[in-house]
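One file, target_24.txt, is given below (compact mmCIF, C-alpha atoms).
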```txt
# COMPACT_ATOMS: atom_id res chain seq x y z
CA MET A 14 -14.99 -39.27 -53.32
CA LYS A 15 -14.73 -43.06 -53.18
CA PRO A 16 -12.76 -44.24 -50.16
CA THR A 17 -9.49 -46.15 -50.73
CA LEU A 18 -10.15 -48.49 -47.82
CA GLU A 19 -13.51 -49.56 -46.45
CA VAL A 20 -13.76 -51.83 -43.42
CA SER A 21 -17.16 -52.81 -42.04
CA GLY A 22 -18.19 -55.12 -39.23
CA LEU A 23 -14.77 -56.74 -38.91
CA SER A 24 -14.67 -59.31 -36.11
CA ILE A 25 -12.37 -62.07 -34.93
CA VAL A 26 -12.92 -64.37 -31.96
CA ARG A 27 -9.99 -66.36 -30.56
CA ASN A 28 -10.35 -68.80 -27.67
CA GLY A 29 -13.85 -67.44 -27.03
CA ARG A 30 -12.53 -63.87 -26.68
CA PRO A 31 -13.24 -61.17 -29.26
CA VAL A 32 -9.91 -59.88 -30.58
CA LEU A 33 -11.68 -57.53 -33.00
CA ASP A 34 -15.30 -56.65 -32.44
CA GLY A 35 -17.35 -54.94 -35.16
CA ILE A 36 -14.62 -52.66 -36.52
CA SER A 37 -15.92 -50.23 -39.16
CA PHE A 38 -14.18 -47.26 -40.74
CA SER A 39 -13.06 -45.96 -44.10
CA LEU A 40 -10.07 -43.99 -45.37
CA ALA A 41 -10.26 -41.40 -48.13
CA GLU A 42 -7.69 -41.24 -50.92
CA GLY A 43 -4.39 -39.85 -49.65
CA GLU A 44 -5.57 -39.75 -46.03
CA CYS A 45 -3.16 -40.70 -43.26
CA ALA A 46 -4.80 -42.19 -40.16
CA GLY A 47 -3.09 -43.27 -36.97
CA LEU A 48 -4.19 -46.39 -35.13
CA ALA A 49 -3.40 -46.13 -31.43
CA GLY A 50 -4.21 -48.40 -28.52
CA PRO A 51 -2.64 -50.30 -25.64
CA ASN A 52 -0.80 -53.61 -26.08
CA GLY A 53 -3.22 -56.34 -27.15
CA ALA A 54 -5.81 -53.83 -28.40
CA GLY A 55 -5.89 -55.59 -31.79
CA LYS A 56 -3.94 -53.07 -33.88
CA SER A 57 -1.59 -55.55 -35.58
CA THR A 58 -4.41 -58.09 -35.99
CA LEU A 59 -6.49 -55.44 -37.75
CA LEU A 60 -3.63 -54.65 -40.13
CA TRP A 61 -3.08 -58.35 -40.87
CA CYS A 62 -6.82 -58.77 -41.54
CA ILE A 63 -6.79 -55.86 -43.98
CA LEU A 64 -3.79 -57.44 -45.72
CA GLY A 65 -5.73 -60.70 -45.98
CA LEU A 66 -3.27 -62.58 -43.79
CA HIS A 67 -5.81 -63.40 -41.04
CA ARG A 68 -9.25 -64.85 -41.54
CA CYS A 69 -11.99 -62.64 -40.16
CA GLN A 70 -15.69 -61.90 -40.42
CA GLY A 71 -16.83 -58.69 -42.03
CA ARG A 72 -16.15 -56.80 -45.23
CA ILE A 73 -12.94 -55.21 -46.45
CA VAL A 74 -12.71 -53.26 -49.69
CA LYS A 75 -9.14 -52.27 -50.52
CA PRO A 76 -7.14 -51.52 -53.64
CA GLY A 77 -5.09 -54.25 -55.30
CA ALA A 78 -1.93 -52.21 -54.82
CA THR A 79 -1.54 -52.53 -51.06
CA ALA A 80 1.83 -52.57 -49.32
CA ALA A 81 2.95 -52.90 -45.73
CA VAL A 82 5.86 -52.31 -43.42
CA PHE A 83 5.91 -54.84 -40.60
CA GLN A 84 7.11 -54.25 -37.07
CA ASN A 85 10.10 -56.52 -37.72
CA PRO A 86 11.42 -55.49 -41.11
CA GLU A 87 14.30 -58.00 -41.20
CA ASP A 88 12.04 -60.69 -42.69
CA GLN A 89 10.83 -58.39 -45.47
CA LEU A 90 14.41 -58.04 -46.72
CA PHE A 91 16.00 -61.39 -47.46
CA MET A 92 17.83 -61.03 -50.78
CA PRO A 93 21.65 -60.86 -51.01
CA THR A 94 21.59 -57.06 -51.49
CA LEU A 95 19.15 -54.24 -50.78
CA LEU A 96 18.91 -53.52 -54.51
CA ASP A 97 17.85 -57.13 -55.15
CA ASP A 98 15.21 -56.81 -52.42
CA LEU A 99 13.69 -53.74 -54.05
CA MET A 100 13.91 -55.16 -57.58
CA LEU A 101 12.22 -58.48 -56.78
CA PRO A 102 8.55 -57.32 -56.58
CA LEU A 103 9.04 -55.24 -59.73
CA LEU A 104 10.52 -58.18 -61.63
CA CYS A 105 7.69 -60.38 -60.40
CA ALA A 106 5.22 -57.78 -61.64
CA GLY A 107 6.69 -58.24 -65.13
CA GLN A 108 9.06 -55.26 -65.40
CA ASP A 109 12.28 -55.83 -67.32
CA ARG A 110 15.53 -55.90 -65.38
CA SER A 111 16.89 -52.49 -66.41
CA ARG A 112 13.63 -50.67 -65.61
CA ALA A 113 13.29 -52.49 -62.31
CA ARG A 114 16.87 -51.60 -61.44
CA ALA A 115 16.33 -47.93 -62.28
CA ALA A 116 13.11 -47.77 -60.23
CA ALA A 117 14.76 -49.52 -57.26
CA MET A 118 17.76 -47.20 -57.39
CA GLU A 119 15.45 -44.18 -57.57
CA ALA A 120 13.55 -45.41 -54.49
CA LEU A 121 16.81 -45.95 -52.62
CA SER A 122 18.14 -42.52 -53.54
CA GLN A 123 14.86 -40.93 -52.42
CA PHE A 124 15.58 -42.50 -49.02
CA GLU A 125 19.26 -41.44 -49.18
CA MET A 126 20.23 -45.11 -49.22
CA ASP A 127 21.65 -45.43 -52.73
CA SER A 128 25.16 -45.92 -51.34
CA LEU A 129 23.84 -49.04 -49.54
CA ALA A 130 22.35 -50.65 -52.67
CA GLN A 131 24.88 -53.50 -52.73
CA VAL A 132 24.76 -54.14 -48.97
CA PRO A 133 22.67 -57.00 -47.52
CA ALA A 134 19.86 -55.90 -45.19
CA SER A 135 21.40 -57.95 -42.37
CA ALA A 136 24.35 -55.53 -42.32
CA LEU A 137 22.15 -52.45 -41.83
CA SER A 138 21.13 -50.76 -38.59
CA LEU A 139 17.51 -51.15 -37.47
CA GLY A 140 16.70 -47.58 -38.55
CA GLN A 141 18.14 -48.22 -41.99
CA ARG A 142 16.27 -51.52 -42.25
CA LYS A 143 12.96 -49.81 -41.38
CA ARG A 144 13.58 -47.16 -44.03
CA ALA A 145 14.59 -49.86 -46.52
CA ALA A 146 11.35 -51.73 -45.76
CA LEU A 147 9.44 -48.50 -46.40
CA ALA A 148 11.32 -48.03 -49.68
CA LEU A 149 10.42 -51.62 -50.58
CA ALA A 150 6.76 -50.95 -49.78
CA LEU A 151 6.69 -47.74 -51.83
CA VAL A 152 8.65 -49.00 -54.83
CA ARG A 153 5.50 -50.49 -56.36
CA SER A 154 3.61 -47.17 -55.91
CA PRO A 155 0.88 -48.64 -53.68
CA LYS A 156 -2.47 -46.94 -53.27
CA LEU A 157 -2.72 -48.14 -49.67
CA LEU A 158 0.17 -48.41 -47.22
CA LEU A 159 -0.12 -50.10 -43.82
CA LEU A 160 2.57 -49.62 -41.19
CA ASP A 161 2.87 -51.58 -37.96
CA GLU A 162 4.84 -49.80 -35.21
CA PRO A 163 7.15 -48.07 -37.68
CA THR A 164 9.10 -46.19 -35.00
CA ALA A 165 9.43 -49.03 -32.47
CA GLU A 166 13.10 -49.28 -31.39
CA LEU A 167 14.10 -46.26 -33.49
CA ASP A 168 16.04 -43.38 -31.96
CA PRO A 169 14.38 -39.92 -32.26
CA ARG A 170 16.56 -38.90 -35.24
CA SER A 171 15.76 -42.09 -37.18
CA ALA A 172 12.07 -41.67 -36.28
CA ARG A 173 12.14 -38.08 -37.65
CA LEU A 174 13.81 -39.28 -40.85
CA PHE A 175 11.24 -42.06 -41.19
CA ALA A 176 8.37 -39.58 -40.62
CA ALA A 177 9.77 -37.21 -43.27
CA THR A 178 9.99 -40.07 -45.77
CA LEU A 179 6.48 -41.26 -44.95
CA GLU A 180 5.04 -37.74 -45.34
CA SER A 181 6.37 -37.60 -48.90
CA SER A 182 4.19 -40.59 -49.90
CA LYS A 183 0.91 -39.91 -51.68
CA ALA A 184 -0.56 -43.30 -50.72
CA THR A 185 -3.44 -43.65 -48.28
CA ARG A 186 -1.77 -44.61 -45.01
CA LEU A 187 -2.85 -46.44 -41.86
CA VAL A 188 -0.19 -46.31 -39.15
CA ALA A 189 -0.44 -48.47 -36.01
CA SER A 190 1.80 -47.01 -33.33
CA HIS A 191 2.27 -46.22 -29.65
CA ASP A 192 4.37 -43.21 -30.60
CA LEU A 193 1.91 -40.34 -30.15
CA LEU A 194 4.45 -37.71 -31.23
CA PHE A 195 4.99 -39.59 -34.48
CA LEU A 196 1.23 -39.94 -35.02
CA ARG A 197 0.70 -36.22 -34.28
CA ARG A 198 3.33 -35.37 -36.89
CA THR A 199 2.26 -37.75 -39.65
CA CYS A 200 -1.50 -38.29 -39.29
CA SER A 201 -4.44 -35.94 -39.58
CA ARG A 202 -6.84 -38.50 -38.15
CA LEU A 203 -6.60 -40.84 -35.18
CA ILE A 204 -8.47 -44.05 -34.43
CA ILE A 205 -8.19 -45.36 -30.88
CA LEU A 206 -8.63 -49.10 -30.52
CA ASP A 207 -8.99 -50.85 -27.15
CA GLN A 208 -10.05 -54.44 -26.42
CA GLY A 209 -10.85 -55.00 -30.08
CA ARG A 210 -13.24 -52.04 -30.44
CA ILE A 211 -12.94 -48.53 -31.84
CA ARG A 212 -13.19 -46.20 -28.82
CA ALA A 213 -12.61 -42.91 -30.61
CA ASP A 214 -12.20 -41.75 -34.21
CA GLY A 215 -11.55 -38.13 -35.09
CA PRO A 216 -9.00 -35.40 -35.86
CA ALA A 217 -5.62 -36.37 -34.40
CA GLN A 218 -5.04 -32.92 -32.87
CA ASP A 219 -8.33 -33.10 -30.93
CA LEU A 220 -7.94 -36.67 -29.68
CA LEU A 221 -4.28 -36.24 -28.78
CA GLY A 222 -5.25 -33.21 -26.69
CA ASP A 223 -7.81 -35.20 -24.70
CA HIS A 224 -5.70 -36.44 -21.79
CA ALA A 225 -8.57 -38.24 -20.07
CA LEU A 226 -9.27 -40.25 -23.23
CA LEU A 227 -5.59 -41.11 -23.73
CA GLU A 228 -5.12 -42.05 -20.09
CA GLY A 229 -8.29 -44.12 -20.09
CA HIS A 230 -6.92 -46.25 -22.91
CA GLY A 231 -3.38 -46.62 -21.60
CA LEU A 232 -1.80 -44.29 -24.14
CA ILE A 233 -0.14 -41.94 -21.62
CA MET B 6 32.39 -67.99 -39.18
CA ARG B 7 31.05 -67.94 -35.63
CA PHE B 8 27.63 -67.30 -37.10
CA ARG B 9 27.91 -70.27 -39.46
CA LEU B 10 28.95 -72.49 -36.55
CA ALA B 11 25.94 -71.27 -34.57
CA ALA B 12 23.69 -72.23 -37.47
CA LEU B 13 25.33 -75.68 -37.49
CA PHE B 14 24.53 -76.03 -33.81
CA GLY B 15 20.84 -76.07 -34.83
CA ALA B 16 21.55 -78.93 -37.26
CA VAL B 17 23.41 -80.89 -34.55
CA TRP B 18 20.49 -80.31 -32.18
CA PHE B 19 18.08 -81.57 -34.85
CA ALA B 20 20.25 -84.66 -35.48
CA ALA B 21 20.46 -85.41 -31.75
CA ALA B 22 16.68 -85.17 -31.42
CA LEU B 23 16.30 -87.41 -34.49
CA ALA B 24 18.71 -90.00 -33.02
CA GLY B 25 16.80 -89.91 -29.71
CA LEU B 26 13.49 -90.51 -31.48
CA GLU B 27 14.97 -93.37 -33.55
CA TYR B 28 16.37 -95.04 -30.43
CA TRP B 29 13.06 -94.60 -28.61
CA GLU B 30 11.12 -96.06 -31.53
CA SER B 31 13.32 -99.00 -32.55
CA GLY B 32 16.13 -99.37 -30.00
CA HIS B 33 18.86 -98.52 -32.48
CA VAL B 34 20.11 -95.44 -34.36
CA THR B 35 20.57 -95.31 -38.15
CA TRP B 36 23.07 -93.20 -40.12
CA LEU B 37 20.36 -90.60 -40.81
CA PRO B 38 21.36 -88.17 -38.01
CA VAL B 39 25.02 -88.33 -39.14
CA GLN B 40 23.92 -87.79 -42.74
CA SER B 41 21.85 -84.76 -41.62
CA ILE B 42 24.92 -83.23 -39.98
CA ALA B 43 27.05 -84.03 -43.05
CA VAL B 44 24.53 -82.32 -45.36
CA ALA B 45 24.42 -79.29 -43.05
CA VAL B 46 28.25 -79.06 -42.96
CA LEU B 47 28.36 -79.42 -46.74
CA ALA B 48 25.69 -76.74 -47.15
CA VAL B 49 27.67 -74.37 -44.90
CA LEU B 50 30.88 -74.98 -46.88
CA VAL B 51 29.22 -74.68 -50.30
CA SER B 52 27.30 -71.53 -49.33
CA GLY B 53 30.51 -70.00 -47.96
CA LEU B 54 32.44 -70.75 -51.16
CA LEU B 55 29.89 -70.29 -53.92
CA HIS B 56 27.40 -67.73 -52.52
CA PRO B 57 24.42 -69.48 -54.19
CA ALA B 58 22.04 -66.76 -52.97
CA ARG B 59 23.82 -64.18 -55.17
CA ALA B 60 23.49 -66.45 -58.19
CA ALA B 61 19.85 -67.20 -57.36
CA ALA B 62 19.06 -63.48 -57.10
CA ARG B 63 19.97 -63.10 -60.79
CA VAL B 64 17.34 -65.61 -61.96
CA ARG B 65 14.44 -63.88 -63.75
CA PRO B 66 10.88 -64.48 -62.42
CA ALA B 67 9.82 -65.70 -65.88
CA SER B 68 12.51 -68.40 -65.82
CA ARG B 69 11.53 -71.98 -65.03
CA TRP B 70 14.36 -71.95 -62.48
CA PHE B 71 12.74 -69.11 -60.51
CA PRO B 72 10.96 -71.37 -57.94
CA ALA B 73 14.27 -73.19 -57.32
CA ALA B 74 16.09 -69.85 -57.00
CA MET B 75 13.50 -68.61 -54.49
CA SER B 76 13.98 -71.85 -52.54
CA VAL B 77 17.72 -71.19 -52.38
CA LEU B 78 17.14 -67.58 -51.27
CA LEU B 79 14.61 -68.48 -48.62
CA THR B 80 16.67 -71.44 -47.36
CA SER B 81 19.64 -69.11 -47.09
CA HIS B 82 17.50 -66.57 -45.19
CA PHE B 83 16.23 -69.26 -42.81
CA PHE B 84 19.74 -70.51 -42.27
CA GLN B 85 20.65 -67.02 -41.14
CA THR B 86 17.47 -66.76 -39.08
CA THR B 87 18.19 -70.07 -37.32
CA GLY B 88 21.72 -68.89 -36.60
CA GLU B 89 20.46 -65.59 -35.15
CA GLU B 90 17.78 -67.24 -33.05
CA THR B 91 20.17 -69.93 -31.79
CA LEU B 92 22.78 -67.35 -30.77
CA ARG B 93 20.11 -65.24 -29.05
CA ALA B 94 18.66 -68.23 -27.17
CA LEU B 95 22.07 -69.49 -26.07
CA ARG B 96 23.17 -66.03 -24.90
CA ALA B 97 19.97 -65.63 -22.89
CA TRP B 98 20.36 -69.13 -21.43
CA ARG B 99 23.99 -68.47 -20.49
CA LEU B 100 22.98 -65.29 -18.66
CA SER B 101 20.24 -66.98 -16.67
CA ALA B 102 22.01 -70.29 -15.97
CA ALA B 103 25.63 -69.11 -15.90
CA ASP B 104 26.96 -71.13 -12.98
CA PRO B 105 24.55 -73.82 -11.76
CA GLN B 106 25.33 -75.05 -8.23
CA GLY B 107 24.67 -78.61 -7.00
CA PRO B 108 22.71 -81.41 -8.71
CA GLY B 109 19.41 -79.45 -8.46
CA GLY B 110 20.99 -76.42 -10.12
CA ARG B 111 22.50 -78.52 -12.90
CA ILE B 112 19.17 -80.27 -13.57
CA ALA B 113 17.42 -76.88 -13.68
CA ALA B 114 20.11 -75.56 -16.05
CA ALA B 115 19.74 -78.61 -18.32
CA ARG B 116 15.95 -78.24 -18.33
CA SER B 117 16.20 -74.54 -19.14
CA LEU B 118 18.60 -75.35 -22.01
CA ALA B 119 16.03 -77.79 -23.43
CA HIS B 120 13.34 -75.09 -23.20
CA ALA B 121 15.64 -72.50 -24.80
CA LEU B 122 16.38 -74.84 -27.70
CA ALA B 123 12.72 -75.75 -28.14
CA GLY B 124 11.97 -72.01 -28.28
CA ILE B 125 14.26 -71.68 -31.33
CA LEU B 126 11.84 -73.73 -33.42
CA LYS B 127 8.85 -71.64 -32.31
CA ARG B 128 10.60 -68.35 -33.05
CA SER B 129 11.85 -69.65 -36.39
CA LEU B 130 8.27 -70.56 -37.30
CA THR B 131 7.10 -67.07 -36.34
CA ARG B 132 9.77 -65.56 -38.57
CA ALA B 133 8.86 -67.95 -41.38
CA GLU B 134 5.27 -66.72 -41.08
CA ARG B 135 6.49 -63.13 -41.36
CA VAL B 136 8.50 -63.93 -44.49
CA TYR B 137 5.44 -65.54 -46.07
CA ALA B 138 3.33 -62.51 -45.09
CA SER B 139 5.90 -60.24 -46.70
CA LEU B 140 5.94 -62.31 -49.89
CA ALA B 141 2.16 -62.37 -50.01
CA VAL B 142 1.90 -58.61 -49.53
CA SER B 143 4.51 -57.87 -52.21
CA GLY B 144 2.64 -60.06 -54.67
CA ILE B 145 5.47 -62.59 -54.92
CA ALA B 146 3.79 -65.51 -53.12
CA ARG B 147 0.82 -67.01 -54.89
```

Please lay out the structure from this file as structure tokens.
Amino acid sequence: MKPTLEVSGLSIVRNGRPVLDGISFSLAEGECAGLAGPNGAGKSTLLWCILGLHRCQGRIVKPGATAAVFQNPEDQLFMPTLLDDLMLPLLCAGQDRSRARAAAMEALSQFEMDSLAQVPASALSLGQRKRAALALALVRSPKLLLLDEPTAELDPRSARLFAATLESSKATRLVASHDLLFLRRTCSRLIILDQGRIRADGPAQDLLGDHALLEGHGLI
Amino acid sequence: MRFRLAALFGAVWFAAALAGLEYWESGHVTWLPVQSIAVAVLAVLVSGLLHPARAAARVRPASRWFPAAMSVLLTSHFFQTTGEETLRALRAWRLSAADPQGPGGRIAAARSLAHALAGILKRSLTRAERVYASLAVSGIAR
């Protein structure tokens, strides 16, 4: 099966220091992989490179339909209402207003947020904003979904809700997070990144059970 | 209202910096800083009364007015962002320099205020970068 995402030999050097150093991996269709590592390991940089927002050396093959949820979702939602936020990418993709509205409402109801359709994102709680950002990412039915610290600052209940919503997606997912419980629940595969290099790549259950490995890379 | 006033504080800070630069460069200050404040006050009043962002959100992407509508929406978002960042910076500054004692303390408090205000610009730029990233990823920015 052809992989959805292929990354090979990805490197970035900043101020003479390698931020990413020869990163290579691929994700199969529908696969969900966790990306774990200590602060400054290069997780967010790797996601931004894959999205084409950072210049880097190496090769990235990804589908056109790629979406992302950033660590700070407030800047992904800037329209007067949540419904407008979700409709905008659909309208820009050429959908007519009534179809875009129906699709946006369907996405919001899937996330149990349809009652908040006319509310601006600034009036939502952080948990709601993160789920709204995920709804925004999924509304265009992406083939690849990248998430940067999706559970950061979420309480356990909001994190569970977010995980349940994420699990329902059929997109190939790459999730950068420090939240090992969340990664155990949502990802079948784990990639451990430290000092810009892949230190381990394998089944999440196996790697998350290796305490020496996790401790060695500042994850516990 | 408090939020809108906080956003205006950023405009006043910008005008003061502009006046300082003008005086440093030519020894006198033009009406430009006052005009900047007037435009900011007018923008606050008009946005409070007319809600231009709501009108702009109704503009179709195929319309020739779409770029202008996006400008209104993004300006409105940045106005909010500047307000948030200004409030956050001033709260943090007030906590750390609540009651400066003596001339040394007051100088340190004034210096820290200058740093806090300079930080607003940096954080606003970071947030602007995030907005652009979001637009690029959603296929809206070209």

Could you make a table, as a tab-separated table, of the residues of chain B that have an atom within 8 Å of an atom of chain A, each with its nearest atom pair and distance in Å to one decimal, counting all atoms listed in the file, in chain and number order?
```
residue	atom	partner	partner_atom	distance
B:Ala58	CA	A:Pro93	CA	6.2
B:Arg59	CA	A:Pro93	CA	5.7
B:Ala62	CA	A:Asp97	CA	6.8
B:Arg65	CA	A:Leu104	CA	7.2
B:Pro66	CA	A:Cys105	CA	5.6
B:Ala67	CA	A:Cys105	CA	7.9
B:Leu78	CA	A:Met92	CA	6.6
B:Leu79	CA	A:Phe91	CA	7.3
B:His82	CA	A:Phe91	CA	5.9
B:Arg132	CA	A:Asp88	CA	6.8
B:Arg135	CA	A:Asp88	CA	6.2
B:Val136	CA	A:Asp88	CA	5.1
B:Ala138	CA	A:Leu66	CA	6.7
B:Ser139	CA	A:Gln89	CA	5.4
B:Leu140	CA	A:Gln89	CA	7.7
B:Val142	CA	A:Ala80	CA	6.0
B:Ser143	CA	A:Pro102	CA	6.0
B:Gly144	CA	A:Pro102	CA	6.8
B:Ile145	CA	A:Cys105	CA	6.3
```

For Leu59 of chain A, which residue out of A:Met118, A:Met14, A:Ala189, A:Cys45 is the nearest one, using all atoms listed in the file?
A:Ala189

Just give me the gap between atom CA of Ala116 of chain A and atom CA of Leu179 of chain A in Å, one decimal is fine.
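Here the two named atoms are 17.9 Å from each other.
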
Kindly give the distance, in Å, that separates atom CA of Arg144 of chain A and atom CA of Tyr137 of chain B, rounded to a single decimal.
20.2 Å

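Put simply, atom CA of Ala114 of chain B is 8.4 Å away from atom CA of Trp98 of chain B.
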
Would you please work out which residue, of A:Cys69, A:Ala184, A:Ala49, A:Leu33, is nearest to Leu203 of chain A when using all atoms listed in the file?
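Among A:Cys69, A:Ala184, A:Ala49, A:Leu33, it is A:Ala49 that comes nearest to Leu203 of chain A.
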
Write out as an MDAnalysis selection string which residues come within 9 Å of Leu129 of chain A when counting all atoms listed in the file, dropping same-chain ones fewer than 6 positions away.
chainID A and resid 94:96 121 137

Measuring atom to atom with only C-alpha atoms, identify which of B:Asp104, B:Tyr28, B:Ala146, B:Lys127 is nearest to Met75 of chain B.
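Among the listed residues, B:Ala146 lies closest to Met75 of chain B.
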
Could you give me, as number ranges by chain, the residues within 8 Å of Ala145 of chain A, counting all atoms listed in the file and dropping anything in the same chain fewer than 2 positions from it?
A: 95, 121, 124, 126, 141-143, 147-149

Counting all atoms listed in the file, what is within 10 Å of Leu126 of chain B, bar same-chain residues fewer than 5 positions away, as a ChimeraX atom specification?
/B:15,87,90-91,121,131-132

Export C-alpha atoms of the chosen residues as a compact mmCIF listing (two decimals), keeping the file's coordinate frame?
```
# COMPACT_ATOMS: atom_id res chain seq x y z
CA GLY B 15 20.84 -76.07 -34.83
CA THR B 87 18.19 -70.07 -37.32
CA GLU B 90 17.78 -67.24 -33.05
CA THR B 91 20.17 -69.93 -31.79
CA ALA B 121 15.64 -72.50 -24.80
CA THR B 131 7.10 -67.07 -36.34
CA ARG B 132 9.77 -65.56 -38.57
```

Show which residues sit within 12 Å of Ile63 of chain A, as number ranges by chain. Count all atoms listed in the file, and ignore same-chain residues fewer than 5 positions away.
A: 18-21, 23-24, 36-39, 56-58, 68-77, 79-81, 157-160, 187; B: 142

Quick one: residues within 9 Å of Val17 of chain B, all atoms listed in the file counted, chain neighbours fewer than 3 positions away excluded, as a PDB file with C-alpha atoms, in the frame of the given file?
```pdb
ATOM      1  CA  LEU B  13      25.330 -75.680 -37.490  1.00  0.00           C
ATOM      2  CA  PHE B  14      24.530 -76.030 -33.810  1.00  0.00           C
ATOM      3  CA  ALA B  20      20.250 -84.660 -35.480  1.00  0.00           C
ATOM      4  CA  ALA B  21      20.460 -85.410 -31.750  1.00  0.00           C
ATOM      5  CA  ALA B  22      16.680 -85.170 -31.420  1.00  0.00           C
ATOM      6  CA  PRO B  38      21.360 -88.170 -38.010  1.00  0.00           C
ATOM      7  CA  VAL B  39      25.020 -88.330 -39.140  1.00  0.00           C
ATOM      8  CA  SER B  41      21.850 -84.760 -41.620  1.00  0.00           C
ATOM      9  CA  ILE B  42      24.920 -83.230 -39.980  1.00  0.00           C
ATOM     10  CA  ALA B  45      24.420 -79.290 -43.050  1.00  0.00           C
TER      11      ALA B  45
END
```
